[in-house]
Amino acid sequence: MDYKVLYRKYRPDNFSSIIGQDYMISILKNAIKNDKISHAYIFSGPRGTGKTSTAKVFAKAINCLNPTEDGPCNKCESCLHFKENADIIEIDAASNNGVDEIREIINNIKLAPAYSKYKVYIIDEVHMLSTSAFNALLLTLEEPPKHVVFILATTNIEAVPITILSRCQRFDFHKIAISDIIKRLNYVVSNENIKIDSDALEEIAYISDGGMRDALSILDQLSSTSEKITIEDVIEHFGSVSKKQISDLYQLILQNDVDNFDKMMKKFKELAIDYKVLIKKLLEKIEEEAIFSKKNSEYQGLSYQQLKEMAFELADISNYVNISIDPYLLIEITLLKYFQNTMKEEIKTTKLEPEDQKIISREINTKSMTNIKTPDSVVSENNEEESEIISREIISTPETYDELIKVRVNNCFVNAKKEYLQKMKELWKTFIANLKDKNLLNLLVDCNVVTASDKIAVLTNLVDGTANLINGKLKDIEDKFNKESKTEYKFIALSENKWNEEKQEYIINLKNKHEYQYMEEPELKEVTENNIDNIEKIAYDIFDKEKIEIE
Ligand SMILES: [Zn+2]
């Protein structure tokens, strides 16, 4: 069977056979119905999502002599001769830079269409045009004759000049939903009498990643080699990984079977399993387990917290896995963290957390007390130094940390740079090596510097409790560090979990071109009216209310 047969054969010839882009199709249909055809459209979106197909159906429909509700009639003169119609001009900007073609457009554009109502120019991968071709195109887009329609298509809208975009009606094509692809594949296999197991068909939809063209190509290839397509065929030929394999992998983690886990990961690599599919499937497994763990009190797997952490770490890998030498290795190392030996350690540290919190709050409570004057102590005034210590401890409540973390991480992102991070890592290493204060050393020894600007460095620690303890001693840490390194750095600590969330947000913001602006830091709070209430409440437990006066 010819490789592209199915894909060509099932290329949409009316609007209802374009899958998964209902919203845009309805707008185009309305435009035809109301005779409001724009002179320029731009279709953007991933490959195989129907941009060119839609362009062709639309071009056919606006030239059709008897258009129907569903677009072209496919029976009239115009429809029947669409393929050889000289008024439909297709240009693939990917195969050449297009200057000559665009020049030709300009030269011929004034000529009326030879056979049809509209001359339609479909320019595929328009972002590949050279600058001079774009400039030439721009001229024609500025004042196009009435009988001309441009349909530009691109997989990279960011690379299309804004001057072009502003003259086009824009349509964003999105990846086609798996359920829609399954529906279409089912239609094709029953029409073509192809024998395929339903899980194999779903797997094809899955690995085609929202592209109908890929889904049909895969189906095509498999149907030419197998009598009946099974899930094993799909996995073997298209670098996928089955649900069972993912489930086995998870079991190996739970059973602490490092050897077989390692073997399995190596096998994935050997089979060239698509690592993106692998990560995606692992994430789905994690979601499944997380839901199961919440529903069953006797759930034996990893804790919800660990699953969440694992999900964030895997998602994180997929952000830079493209440039890494061996993505399988990164995935393996990430998953190894969740083997039992490490789990024990983590459980131990996690258990410390509530204790740590108690210690902090006990400290706050006792120190706060010293600032409350019972009638007896009114005579002995607090000295300045002591009240400063008190207010510093009062700011160290978990709520204030959250605010401070938010602000300092944000301010660090304003001009975080790789070279600052490298320099800071060096300075931090020296600082830790020379640190004499044992308590501080215990607190900081497991910290990592994860990002830095010229003013702020972000530290992470495995558990929230430790990070908060560090934040309670920031002033001390900063003083010591800056004195030794002759810098003026500020620090902030957060758990690895929280950091992963911040990182995700940063990446999203980066994509949306959000610019970070400096935020003002929350002030170190003096004993103000707001926290007097709090102190009063604490004091109630110990003193008779009548005798308390708060400064
Ligand atoms: Zn027609």
# chains A, B, ... in the order shown; residues from 1 in each chain; ligands from 1
>>> select_by_dssp(residues="stretch 255-324 of chain A", states="helix (DSSP H, G or I)", output="count of residues only")
54
>>> residues_around(residues="A:Leu444", least_positions_apart="3", cutoff="9 Å", atoms="only C-alpha atoms", output="list of chain:residue names")
A:Ile432, A:Asn439, A:Leu440, A:Leu441, A:Cys447, A:Asn448, A:Asn461, A:Thr466, A:Ile470
>>> residues_near_ligand(ligand="ligand 1", cutoff="8 Å", atoms="only C-alpha atoms and all ligand atoms", output="MDAnalysis selection string")
chainID A and resid 60:61 63:67 72:80
>>> write_last_selection(atoms="C-alpha atoms", output="PDB file, in the first residue's frame")
ATOM      1  CA  LYS A  60     -13.008  25.711  -2.823  1.00  0.00           C
ATOM      2  CA  ALA A  61     -16.120  26.893  -0.975  1.00  0.00           C
ATOM      3  CA  ASN A  63     -15.412  29.671  -5.501  1.00  0.00           C
ATOM      4  CA  CYS A  64     -18.136  27.008  -5.505  1.00  0.00           C
ATOM      5  CA  LEU A  65     -21.110  27.744  -7.765  1.00  0.00           C
ATOM      6  CA  ASN A  66     -23.565  26.048  -5.386  1.00  0.00           C
ATOM      7  CA  PRO A  67     -22.054  26.257  -1.911  1.00  0.00           C
ATOM      8  CA  PRO A  72     -18.165  23.243  -1.350  1.00  0.00           C
ATOM      9  CA  CYS A  73     -20.715  21.144  -3.238  1.00  0.00           C
ATOM     10  CA  ASN A  74     -17.916  19.062  -4.821  1.00  0.00           C
ATOM     11  CA  LYS A  75     -20.098  18.655  -7.926  1.00  0.00           C
ATOM     12  CA  CYS A  76     -20.033  21.951  -9.801  1.00  0.00           C
ATOM     13  CA  GLU A  77     -17.534  22.943 -12.519  1.00  0.00           C
ATOM     14  CA  SER A  78     -15.443  24.960 -10.088  1.00  0.00           C
ATOM     15  CA  CYS A  79     -15.280  22.180  -7.483  1.00  0.00           C
ATOM     16  CA  LEU A  80     -14.522  19.450 -10.000  1.00  0.00           C
TER      17      LEU A  80
END
>>> residues_around(residues="A:Phe134", least_positions_apart="5", cutoff="9 Å", atoms="only C-alpha atoms", output="ChimeraX atom specification")
/A:98-99,102,126-127,129,139,160-161,164
>>> closest_residue(among="A:Phe312, A:Tyr338, A:Tyr250, A:Tyr328", to="A:Asp274", atoms="only C-alpha atoms")
A:Tyr328
>>> closest_residue(among="A:Tyr23, A:Tyr115, A:Tyr304, A:Tyr420", to="A:Asp87", atoms="only C-alpha atoms")
A:Tyr115
>>> closest_residue(among="A:Lys195, A:Ile27, A:Asp35, A:His237", to="A:Arg170", atoms="only C-alpha atoms")
A:Ile27
>>> select_by_dssp(residues="stretch 192-333 of chain A", states="strand (DSSP E)", output="list in words")
Lys195, Ile196, Lys228 and Ile229 of chain A
>>> closest_residue(among="A:Asp70, A:Glu90, A:Asp22, A:Glu143", to="A:Lys110", atoms="only C-alpha atoms")
A:Glu143
>>> closest_residue(among="A:Ala59, A:Ser44, A:Gly20, A:Leu421", to="A:Lys183", atoms="only C-alpha atoms")
A:Gly20
>>> residues_around(residues="A:Pro12", least_positions_apart="2", cutoff="9 Å", atoms="only C-alpha atoms", output="VMD selection string")
chain A and resid 8 to 10 14 to 19 50 53 to 54 56 to 57
>>> write_last_selection(atoms="all heavy atoms", output="compact mmCIF listing (two decimals), in the first residue's frame")
# COMPACT_ATOMS: atom_id res chain seq x y z
N ARG A 8 -4.06 11.01 2.06
CA ARG A 8 -4.58 11.73 0.89
C ARG A 8 -6.06 11.45 0.68
O ARG A 8 -6.86 12.33 0.43
CB ARG A 8 -3.81 11.31 -0.36
CG ARG A 8 -2.42 11.87 -0.39
CD ARG A 8 -2.12 12.59 -1.71
NE ARG A 8 -0.81 13.22 -1.65
CZ ARG A 8 0.29 12.61 -2.08
NH1 ARG A 8 0.24 11.40 -2.60
NH2 ARG A 8 1.44 13.24 -2.01
N LYS A 9 -6.37 10.15 0.81
CA LYS A 9 -7.74 9.72 0.53
C LYS A 9 -8.74 10.39 1.48
O LYS A 9 -9.85 10.70 1.10
CB LYS A 9 -7.80 8.20 0.68
CG LYS A 9 -9.11 7.60 0.20
CD LYS A 9 -8.98 6.09 0.10
CE LYS A 9 -10.32 5.45 -0.22
NZ LYS A 9 -10.23 3.99 -0.12
N TYR A 10 -8.32 10.55 2.72
CA TYR A 10 -9.24 11.10 3.72
C TYR A 10 -9.00 12.58 4.02
O TYR A 10 -9.38 13.09 5.04
CB TYR A 10 -9.20 10.26 5.01
CG TYR A 10 -9.86 8.93 4.78
CD1 TYR A 10 -9.14 7.84 4.32
CD2 TYR A 10 -11.24 8.79 4.97
CE1 TYR A 10 -9.75 6.63 4.07
CE2 TYR A 10 -11.87 7.58 4.71
CZ TYR A 10 -11.11 6.50 4.26
OH TYR A 10 -11.74 5.31 4.01
N ASN A 14 -14.88 18.82 2.76
CA ASN A 14 -15.92 19.76 3.20
C ASN A 14 -15.65 20.11 4.67
O ASN A 14 -14.74 19.55 5.29
CB ASN A 14 -17.31 19.17 3.02
CG ASN A 14 -17.42 17.79 3.64
OD1 ASN A 14 -16.75 17.49 4.63
ND2 ASN A 14 -18.24 16.95 3.06
N PHE A 15 -16.41 21.03 5.21
CA PHE A 15 -16.11 21.50 6.57
C PHE A 15 -16.32 20.43 7.63
O PHE A 15 -15.56 20.34 8.59
CB PHE A 15 -16.96 22.74 6.89
CG PHE A 15 -16.47 23.98 6.21
CD1 PHE A 15 -17.33 24.79 5.46
CD2 PHE A 15 -15.13 24.37 6.32
CE1 PHE A 15 -16.88 25.93 4.83
CE2 PHE A 15 -14.68 25.52 5.69
CZ PHE A 15 -15.55 26.30 4.94
N SER A 16 -17.35 19.58 7.44
CA SER A 16 -17.65 18.63 8.52
C SER A 16 -16.58 17.53 8.63
O SER A 16 -16.49 16.86 9.65
CB SER A 16 -19.03 18.01 8.33
OG SER A 16 -19.09 17.37 7.08
N SER A 17 -15.75 17.36 7.60
CA SER A 17 -14.70 16.33 7.73
C SER A 17 -13.39 16.91 8.29
O SER A 17 -12.40 16.21 8.41
CB SER A 17 -14.48 15.61 6.39
OG SER A 17 -14.22 16.54 5.37
N ILE A 18 -13.40 18.19 8.64
CA ILE A 18 -12.24 18.76 9.34
C ILE A 18 -12.46 18.53 10.83
O ILE A 18 -13.47 18.96 11.38
CB ILE A 18 -12.09 20.27 9.03
CG1 ILE A 18 -11.81 20.46 7.54
CG2 ILE A 18 -10.97 20.88 9.87
CD1 ILE A 18 -11.93 21.88 7.07
N ILE A 19 -11.51 17.81 11.43
CA ILE A 19 -11.74 17.30 12.78
C ILE A 19 -11.20 18.25 13.85
O ILE A 19 -10.07 18.76 13.74
CB ILE A 19 -11.05 15.92 12.96
CG1 ILE A 19 -11.47 14.95 11.86
CG2 ILE A 19 -11.31 15.34 14.34
CD1 ILE A 19 -12.93 14.64 11.83
N GLY A 50 -4.70 20.56 10.50
CA GLY A 50 -5.76 20.87 9.54
C GLY A 50 -5.70 22.26 8.92
O GLY A 50 -6.68 22.70 8.30
N SER A 53 -5.60 21.88 4.98
CA SER A 53 -6.88 21.28 4.56
C SER A 53 -7.98 22.33 4.65
O SER A 53 -8.79 22.46 3.73
CB SER A 53 -7.23 20.10 5.46
OG SER A 53 -6.27 19.10 5.33
N THR A 54 -8.02 23.06 5.77
CA THR A 54 -9.05 24.07 5.94
C THR A 54 -8.92 25.16 4.87
O THR A 54 -9.92 25.61 4.30
CB THR A 54 -8.95 24.70 7.34
OG1 THR A 54 -8.98 23.66 8.31
CG2 THR A 54 -10.10 25.66 7.61
N LYS A 56 -7.78 24.85 1.91
CA LYS A 56 -8.25 24.36 0.61
C LYS A 56 -9.77 24.25 0.55
O LYS A 56 -10.39 24.62 -0.46
CB LYS A 56 -7.60 23.02 0.30
CG LYS A 56 -6.15 23.21 -0.12
CD LYS A 56 -5.50 21.93 -0.53
CE LYS A 56 -4.06 22.21 -0.94
NZ LYS A 56 -3.30 20.97 -1.01
N VAL A 57 -10.37 23.73 1.62
CA VAL A 57 -11.83 23.63 1.66
C VAL A 57 -12.45 25.03 1.56
O VAL A 57 -13.42 25.25 0.82
CB VAL A 57 -12.31 22.90 2.94
CG1 VAL A 57 -13.83 22.99 3.08
CG2 VAL A 57 -11.87 21.44 2.94
>>> residues_around(residues="stretch 146-148 of chain A", least_positions_apart="4", cutoff="8 Å", atoms="only C-alpha atoms", output="tab-separated table (two decimals) with all heavy atoms, in the first residue's frame")
chain	number	residue	atom	x	y	z
A	39	HIS	N	-9.75	39.70	2.99
A	39	HIS	CA	-8.78	39.51	1.91
A	39	HIS	C	-7.53	38.80	2.40
A	39	HIS	O	-6.71	38.37	1.60
A	39	HIS	CB	-8.44	40.83	1.23
A	39	HIS	CG	-7.79	41.81	2.13
A	39	HIS	ND1	-6.46	41.73	2.44
A	39	HIS	CD2	-8.29	42.85	2.83
A	39	HIS	CE1	-6.17	42.71	3.29
A	39	HIS	NE2	-7.25	43.39	3.54
A	109	ILE	N	-1.27	40.14	-9.75
A	109	ILE	CA	-2.38	40.24	-8.81
A	109	ILE	C	-3.53	41.09	-9.35
A	109	ILE	O	-4.69	40.86	-9.03
A	109	ILE	CB	-1.86	40.77	-7.44
A	109	ILE	CG1	-2.80	40.28	-6.33
A	109	ILE	CG2	-1.73	42.28	-7.43
A	109	ILE	CD1	-2.16	40.31	-4.98
A	112	ALA	N	-7.69	39.87	-13.30
A	112	ALA	CA	-8.87	39.22	-12.74
A	112	ALA	C	-8.70	37.70	-12.82
A	112	ALA	O	-7.97	37.20	-13.68
A	112	ALA	CB	-10.11	39.64	-13.52
A	113	PRO	N	-9.34	36.95	-11.93
A	113	PRO	CA	-9.25	35.50	-12.00
A	113	PRO	C	-9.76	34.99	-13.34
A	113	PRO	O	-10.70	35.54	-13.91
A	113	PRO	CB	-10.14	35.02	-10.84
A	113	PRO	CG	-10.89	36.21	-10.37
A	113	PRO	CD	-10.16	37.42	-10.82
A	117	LYS	N	-14.44	33.14	-9.08
A	117	LYS	CA	-14.80	34.39	-8.43
A	117	LYS	C	-13.57	34.99	-7.77
A	117	LYS	O	-13.30	36.18	-7.87
A	117	LYS	CB	-15.87	34.08	-7.39
A	117	LYS	CG	-16.68	35.26	-6.94
A	117	LYS	CD	-17.88	34.76	-6.11
A	117	LYS	CE	-18.44	35.86	-5.26
A	117	LYS	NZ	-19.36	35.33	-4.24
A	118	TYR	N	-12.81	34.14	-7.06
A	118	TYR	CA	-11.64	34.63	-6.32
A	118	TYR	C	-10.35	33.96	-6.79
A	118	TYR	O	-10.33	32.77	-7.09
A	118	TYR	CB	-11.78	34.32	-4.82
A	118	TYR	CG	-12.86	35.08	-4.12
A	118	TYR	CD1	-14.08	34.47	-3.85
A	118	TYR	CD2	-12.66	36.40	-3.70
A	118	TYR	CE1	-15.10	35.15	-3.17
A	118	TYR	CE2	-13.66	37.09	-3.04
A	118	TYR	CZ	-14.88	36.46	-2.78
A	118	TYR	OH	-15.85	37.14	-2.12
A	119	LYS	N	-9.30	34.77	-6.79
A	119	LYS	CA	-7.96	34.21	-6.87
A	119	LYS	C	-7.53	33.96	-5.44
A	119	LYS	O	-7.56	34.87	-4.61
A	119	LYS	CB	-7.02	35.26	-7.46
A	119	LYS	CG	-6.59	35.02	-8.86
A	119	LYS	CD	-5.57	36.09	-9.22
A	119	LYS	CE	-5.06	35.86	-10.62
A	119	LYS	NZ	-4.24	36.97	-11.06
A	120	VAL	N	-7.12	32.72	-5.12
A	120	VAL	CA	-6.73	32.43	-3.74
A	120	VAL	C	-5.26	32.05	-3.69
A	120	VAL	O	-4.83	31.14	-4.41
A	120	VAL	CB	-7.59	31.30	-3.13
A	120	VAL	CG1	-7.24	31.11	-1.66
A	120	VAL	CG2	-9.07	31.59	-3.28
A	121	TYR	N	-4.50	32.76	-2.88
A	121	TYR	CA	-3.09	32.43	-2.69
A	121	TYR	C	-2.94	31.74	-1.33
A	121	TYR	O	-3.23	32.34	-0.30
A	121	TYR	CB	-2.24	33.71	-2.70
A	121	TYR	CG	-2.22	34.39	-4.04
A	121	TYR	CD1	-3.15	35.39	-4.36
A	121	TYR	CD2	-1.26	34.04	-5.00
A	121	TYR	CE1	-3.13	36.01	-5.59
A	121	TYR	CE2	-1.24	34.66	-6.24
A	121	TYR	CZ	-2.17	35.65	-6.54
A	121	TYR	OH	-2.15	36.26	-7.75
>>> closest_residue(among="A:Lys486, A:Ser130, A:Leu6, A:Met424", to="A:Ala159", atoms="only C-alpha atoms")
A:Ser130
>>> residues_around(residues="A:Val258", least_positions_apart="2", cutoff="12 Å", atoms="only C-alpha atoms", output="CSV table (one decimal) with all heavy atoms, in the first residue's frame")
chain,number,residue,atom,x,y,z
A,249,LEU,N,7.1,-0.6,35.7
A,249,LEU,CA,8.2,0.3,36.2
A,249,LEU,C,7.9,0.9,37.5
A,249,LEU,O,8.7,0.9,38.4
A,249,LEU,CB,8.3,1.4,35.1
A,249,LEU,CG,9.6,2.3,35.2
A,249,LEU,CD1,10.8,1.4,34.7
A,249,LEU,CD2,9.5,3.5,34.3
A,250,TYR,N,6.6,1.3,37.7
A,250,TYR,CA,6.2,1.8,39.0
A,250,TYR,C,6.3,0.8,40.1
A,250,TYR,O,6.8,1.1,41.2
A,250,TYR,CB,4.8,2.3,38.9
A,250,TYR,CG,4.3,3.0,40.2
A,250,TYR,CD1,4.8,4.2,40.6
A,250,TYR,CD2,3.3,2.4,41.0
A,250,TYR,CE1,4.3,4.8,41.7
A,250,TYR,CE2,2.8,3.0,42.1
A,250,TYR,CZ,3.3,4.2,42.5
A,250,TYR,OH,2.9,4.8,43.7
A,251,GLN,N,5.9,-0.5,39.8
A,251,GLN,CA,6.1,-1.6,40.8
A,251,GLN,C,7.5,-1.8,41.2
A,251,GLN,O,7.8,-2.0,42.4
A,251,GLN,CB,5.5,-2.9,40.2
A,251,GLN,CG,4.0,-2.9,40.2
A,251,GLN,CD,3.4,-2.6,41.6
A,251,GLN,OE1,3.8,-3.1,42.6
A,251,GLN,NE2,2.3,-1.8,41.6
A,252,LEU,N,8.4,-1.7,40.2
A,252,LEU,CA,9.9,-1.9,40.5
A,252,LEU,C,10.3,-0.8,41.5
A,252,LEU,O,11.2,-1.1,42.4
A,252,LEU,CB,10.7,-1.8,39.3
A,252,LEU,CG,10.5,-3.0,38.3
A,252,LEU,CD1,11.3,-2.8,37.0
A,252,LEU,CD2,10.9,-4.3,39.0
A,253,ILE,N,9.8,0.4,41.4
A,253,ILE,CA,10.2,1.5,42.3
A,253,ILE,C,9.7,1.1,43.7
A,253,ILE,O,10.4,1.1,44.7
A,253,ILE,CB,9.6,2.8,41.9
A,253,ILE,CG1,10.1,3.2,40.6
A,253,ILE,CG2,9.8,3.9,43.0
A,253,ILE,CD1,9.5,4.5,40.0
A,254,LEU,N,8.4,0.6,43.8
A,254,LEU,CA,7.9,0.3,45.1
A,254,LEU,C,8.6,-0.9,45.7
A,254,LEU,O,8.8,-1.0,46.9
A,254,LEU,CB,6.4,-0.1,45.0
A,254,LEU,CG,5.4,1.0,44.6
A,254,LEU,CD1,4.0,0.6,44.6
A,254,LEU,CD2,5.6,2.3,45.5
A,255,GLN,N,9.0,-1.9,44.9
A,255,GLN,CA,9.7,-3.1,45.4
A,255,GLN,C,11.2,-2.8,45.6
A,255,GLN,O,11.9,-3.7,46.0
A,255,GLN,CB,9.5,-4.2,44.3
A,255,GLN,CG,8.1,-4.8,44.3
A,255,GLN,CD,7.8,-5.5,43.0
A,255,GLN,OE1,8.8,-5.7,42.2
A,255,GLN,NE2,6.6,-5.8,42.7
A,256,ASN,N,11.6,-1.6,45.3
A,256,ASN,CA,13.0,-1.3,45.6
A,256,ASN,C,14.0,-2.1,44.7
A,256,ASN,O,15.1,-2.4,45.2
A,256,ASN,CB,13.3,-1.4,47.1
A,256,ASN,CG,14.5,-0.5,47.5
A,256,ASN,OD1,14.7,0.5,46.8
A,256,ASN,ND2,15.2,-0.9,48.5
A,260,ASN,N,16.4,-4.4,38.2
A,260,ASN,CA,15.5,-4.6,37.1
A,260,ASN,C,15.0,-3.3,36.6
A,260,ASN,O,14.7,-3.1,35.4
A,260,ASN,CB,14.3,-5.5,37.6
A,260,ASN,CG,14.7,-6.9,37.5
A,260,ASN,OD1,15.4,-7.4,36.6
A,260,ASN,ND2,14.3,-7.7,38.5
A,261,PHE,N,14.9,-2.3,37.5
A,261,PHE,CA,14.5,-0.9,37.1
A,261,PHE,C,15.5,-0.4,36.1
A,261,PHE,O,15.2,0.1,35.0
A,261,PHE,CB,14.4,0.0,38.3
A,261,PHE,CG,14.2,1.4,38.0
A,261,PHE,CD1,13.0,1.9,37.7
A,261,PHE,CD2,15.3,2.3,38.0
A,261,PHE,CE1,12.8,3.3,37.4
A,261,PHE,CE2,15.2,3.6,37.8
A,261,PHE,CZ,13.9,4.1,37.4
A,262,ASP,N,16.8,-0.5,36.4
A,262,ASP,CA,17.8,-0.1,35.6
A,262,ASP,C,17.8,-0.8,34.2
A,262,ASP,O,17.9,-0.1,33.2
A,262,ASP,CB,19.2,-0.3,36.3
A,262,ASP,CG,20.3,0.2,35.5
A,262,ASP,OD1,20.2,1.4,34.9
A,262,ASP,OD2,21.3,-0.5,35.3
A,263,LYS,N,17.6,-2.1,34.3
A,263,LYS,CA,17.5,-2.9,33.0
A,263,LYS,C,16.3,-2.4,32.1
A,263,LYS,O,16.5,-2.2,30.9
A,263,LYS,CB,17.2,-4.4,33.4
A,263,LYS,CG,18.5,-5.2,33.4
A,263,LYS,CD,18.2,-6.7,33.6
A,263,LYS,CE,19.3,-7.3,34.4
A,263,LYS,NZ,18.8,-8.5,35.1
A,264,MET,N,15.2,-2.1,32.8
A,264,MET,CA,14.0,-1.7,32.0
A,264,MET,C,14.3,-0.3,31.4
A,264,MET,O,14.0,-0.1,30.2
A,264,MET,CB,12.8,-1.6,33.0
A,264,MET,CG,11.5,-1.6,32.2
A,264,MET,SD,10.2,-2.0,33.4
A,264,MET,CE,8.8,-1.9,32.3
A,265,MET,N,14.9,0.6,32.1
A,265,MET,CA,15.2,1.9,31.6
A,265,MET,C,16.2,1.8,30.4
A,265,MET,O,16.0,2.5,29.4
A,265,MET,CB,15.8,2.8,32.7
A,265,MET,CG,14.8,3.4,33.7
A,265,MET,SD,13.4,4.3,33.0
A,265,MET,CE,14.2,5.7,32.2
A,332,GLU,N,15.8,8.4,34.5
A,332,GLU,CA,16.2,7.3,35.5
A,332,GLU,C,16.7,7.9,36.8
A,332,GLU,O,16.2,7.5,37.9
A,332,GLU,CB,17.3,6.5,34.8
A,332,GLU,CG,17.7,5.3,35.7
A,332,GLU,CD,18.6,4.3,35.1
A,332,GLU,OE1,18.8,4.4,33.9
A,332,GLU,OE2,19.0,3.3,35.8
A,333,ILE,N,17.5,8.9,36.7
A,333,ILE,CA,18.0,9.5,38.0
A,333,ILE,C,16.9,10.1,38.8
A,333,ILE,O,16.8,10.0,40.0
A,333,ILE,CB,19.1,10.6,37.6
A,333,ILE,CG1,20.4,9.9,37.1
A,333,ILE,CG2,19.5,11.4,38.9
A,333,ILE,CD1,21.4,10.9,36.5
A,335,LEU,N,13.8,9.2,38.8
A,335,LEU,CA,12.9,8.2,39.4
A,335,LEU,C,13.6,7.4,40.6
A,335,LEU,O,13.0,7.0,41.5
A,335,LEU,CB,12.5,7.2,38.4
A,335,LEU,CG,11.5,7.8,37.3
A,335,LEU,CD1,11.1,6.7,36.3
A,335,LEU,CD2,10.2,8.3,37.9
A,336,LEU,N,15.0,7.3,40.4
A,336,LEU,CA,15.8,6.6,41.5
A,336,LEU,C,15.6,7.2,42.8
A,336,LEU,O,15.7,6.6,43.9
A,336,LEU,CB,17.2,6.6,41.1
A,336,LEU,CG,17.7,5.4,40.2
A,336,LEU,CD1,19.1,5.6,39.7
A,336,LEU,CD2,17.5,4.1,40.9
A,337,LYS,N,15.3,8.5,42.8
A,337,LYS,CA,15.2,9.2,44.1
A,337,LYS,C,14.0,8.6,44.9
A,337,LYS,O,14.0,8.7,46.2
A,337,LYS,CB,14.8,10.7,43.8
A,337,LYS,CG,14.6,11.6,45.0
A,337,LYS,CD,14.4,13.0,44.5
A,337,LYS,CE,13.7,13.8,45.6
A,337,LYS,NZ,13.2,15.1,45.1
A,338,TYR,N,13.1,8.0,44.3
A,338,TYR,CA,11.9,7.5,45.0
A,338,TYR,C,12.0,6.0,45.4
A,338,TYR,O,11.0,5.4,45.8
A,338,TYR,CB,10.6,7.8,44.1
A,338,TYR,CG,10.5,9.2,44.0
A,338,TYR,CD1,11.1,9.9,42.9
A,338,TYR,CD2,9.9,10.0,44.9
A,338,TYR,CE1,11.0,11.3,42.8
A,338,TYR,CE2,9.8,11.4,44.8
A,338,TYR,CZ,10.3,12.0,43.7
A,338,TYR,OH,10.3,13.4,43.6
A,339,PHE,N,13.2,5.5,45.3
A,339,PHE,CA,13.4,4.1,45.8
A,339,PHE,C,13.5,4.2,47.3
A,339,PHE,O,13.8,5.2,47.9
A,339,PHE,CB,14.6,3.5,45.2
A,339,PHE,CG,14.3,2.9,43.8
A,339,PHE,CD1,14.1,3.7,42.7
A,339,PHE,CD2,14.3,1.5,43.6
A,339,PHE,CE1,13.8,3.2,41.5
A,339,PHE,CE2,14.0,1.0,42.4
A,339,PHE,CZ,13.7,1.8,41.3
A,340,GLN,N,13.1,3.0,47.9
A,340,GLN,CA,12.9,3.0,49.3
A,340,GLN,C,14.0,3.6,50.2
A,340,GLN,O,13.7,4.3,51.2
A,340,GLN,CB,12.7,1.6,49.8
A,340,GLN,CG,11.4,1.4,50.5
A,340,GLN,CD,11.2,-0.1,50.8
A,340,GLN,OE1,12.1,-0.9,50.7
A,340,GLN,NE2,10.0,-0.5,51.1
A,341,ASN,N,15.3,3.3,49.9
A,341,ASN,CA,16.3,3.8,50.7
A,341,ASN,C,16.2,5.3,50.9
A,341,ASN,O,16.3,5.8,52.0
A,341,ASN,CB,17.7,3.5,50.1
A,341,ASN,CG,17.9,2.1,50.0
A,341,ASN,OD1,17.3,1.3,50.8
A,341,ASN,ND2,18.8,1.6,49.2
>>> residues_around(residues="A:Ile37", least_positions_apart="6", cutoff="10 Å", atoms="only C-alpha atoms", output="PyMOL selection string")
chain A and resi 28+30-31+62+146+148-149
>>> write_last_selection(atoms="all heavy atoms", output="short mmCIF file (atom, residue, chain, number, x, y, z; two decimals), in the first residue's frame")
data_model
loop_
_atom_site.label_atom_id
_atom_site.label_comp_id
_atom_site.auth_asym_id
_atom_site.auth_seq_id
_atom_site.Cartn_x
_atom_site.Cartn_y
_atom_site.Cartn_z
N LEU A 28 -15.66 30.54 9.77
CA LEU A 28 -15.44 30.55 8.31
C LEU A 28 -16.76 30.32 7.56
O LEU A 28 -17.04 30.95 6.55
CB LEU A 28 -14.41 29.50 7.93
CG LEU A 28 -12.96 29.79 8.38
CD1 LEU A 28 -12.06 28.61 8.05
CD2 LEU A 28 -12.43 31.06 7.73
N ASN A 30 -19.73 31.08 8.61
CA ASN A 30 -20.52 32.30 8.71
C ASN A 30 -20.06 33.35 7.73
O ASN A 30 -20.87 34.07 7.15
CB ASN A 30 -20.45 32.88 10.12
CG ASN A 30 -21.54 32.30 11.00
OD1 ASN A 30 -22.59 31.90 10.48
ND2 ASN A 30 -21.30 32.24 12.29
N ALA A 31 -18.73 33.44 7.57
CA ALA A 31 -18.18 34.42 6.64
C ALA A 31 -18.71 34.17 5.23
O ALA A 31 -19.09 35.09 4.51
CB ALA A 31 -16.66 34.36 6.65
N ILE A 62 -15.45 29.22 -1.40
CA ILE A 62 -15.76 30.58 -1.84
C ILE A 62 -15.83 30.69 -3.37
O ILE A 62 -16.36 31.67 -3.88
CB ILE A 62 -14.78 31.65 -1.26
CG1 ILE A 62 -13.32 31.35 -1.66
CG2 ILE A 62 -14.91 31.76 0.24
CD1 ILE A 62 -12.33 32.40 -1.17
N LYS A 146 -10.08 43.39 -4.97
CA LYS A 146 -11.24 42.75 -4.34
C LYS A 146 -11.31 41.25 -4.59
O LYS A 146 -11.82 40.49 -3.79
CB LYS A 146 -12.53 43.40 -4.87
CG LYS A 146 -13.08 44.47 -3.93
CD LYS A 146 -14.53 44.72 -4.21
CE LYS A 146 -15.25 44.99 -2.90
NZ LYS A 146 -16.64 45.33 -3.09
N VAL A 148 -9.01 39.06 -4.67
CA VAL A 148 -7.89 38.26 -4.16
C VAL A 148 -8.07 37.91 -2.68
O VAL A 148 -8.47 38.74 -1.88
CB VAL A 148 -6.56 39.03 -4.35
CG1 VAL A 148 -5.44 38.37 -3.56
CG2 VAL A 148 -6.22 39.09 -5.82
N VAL A 149 -7.80 36.65 -2.36
CA VAL A 149 -7.81 36.22 -0.96
C VAL A 149 -6.49 35.53 -0.65
O VAL A 149 -6.05 34.65 -1.40
CB VAL A 149 -8.98 35.23 -0.66
CG1 VAL A 149 -8.87 34.70 0.76
CG2 VAL A 149 -10.32 35.90 -0.87
#
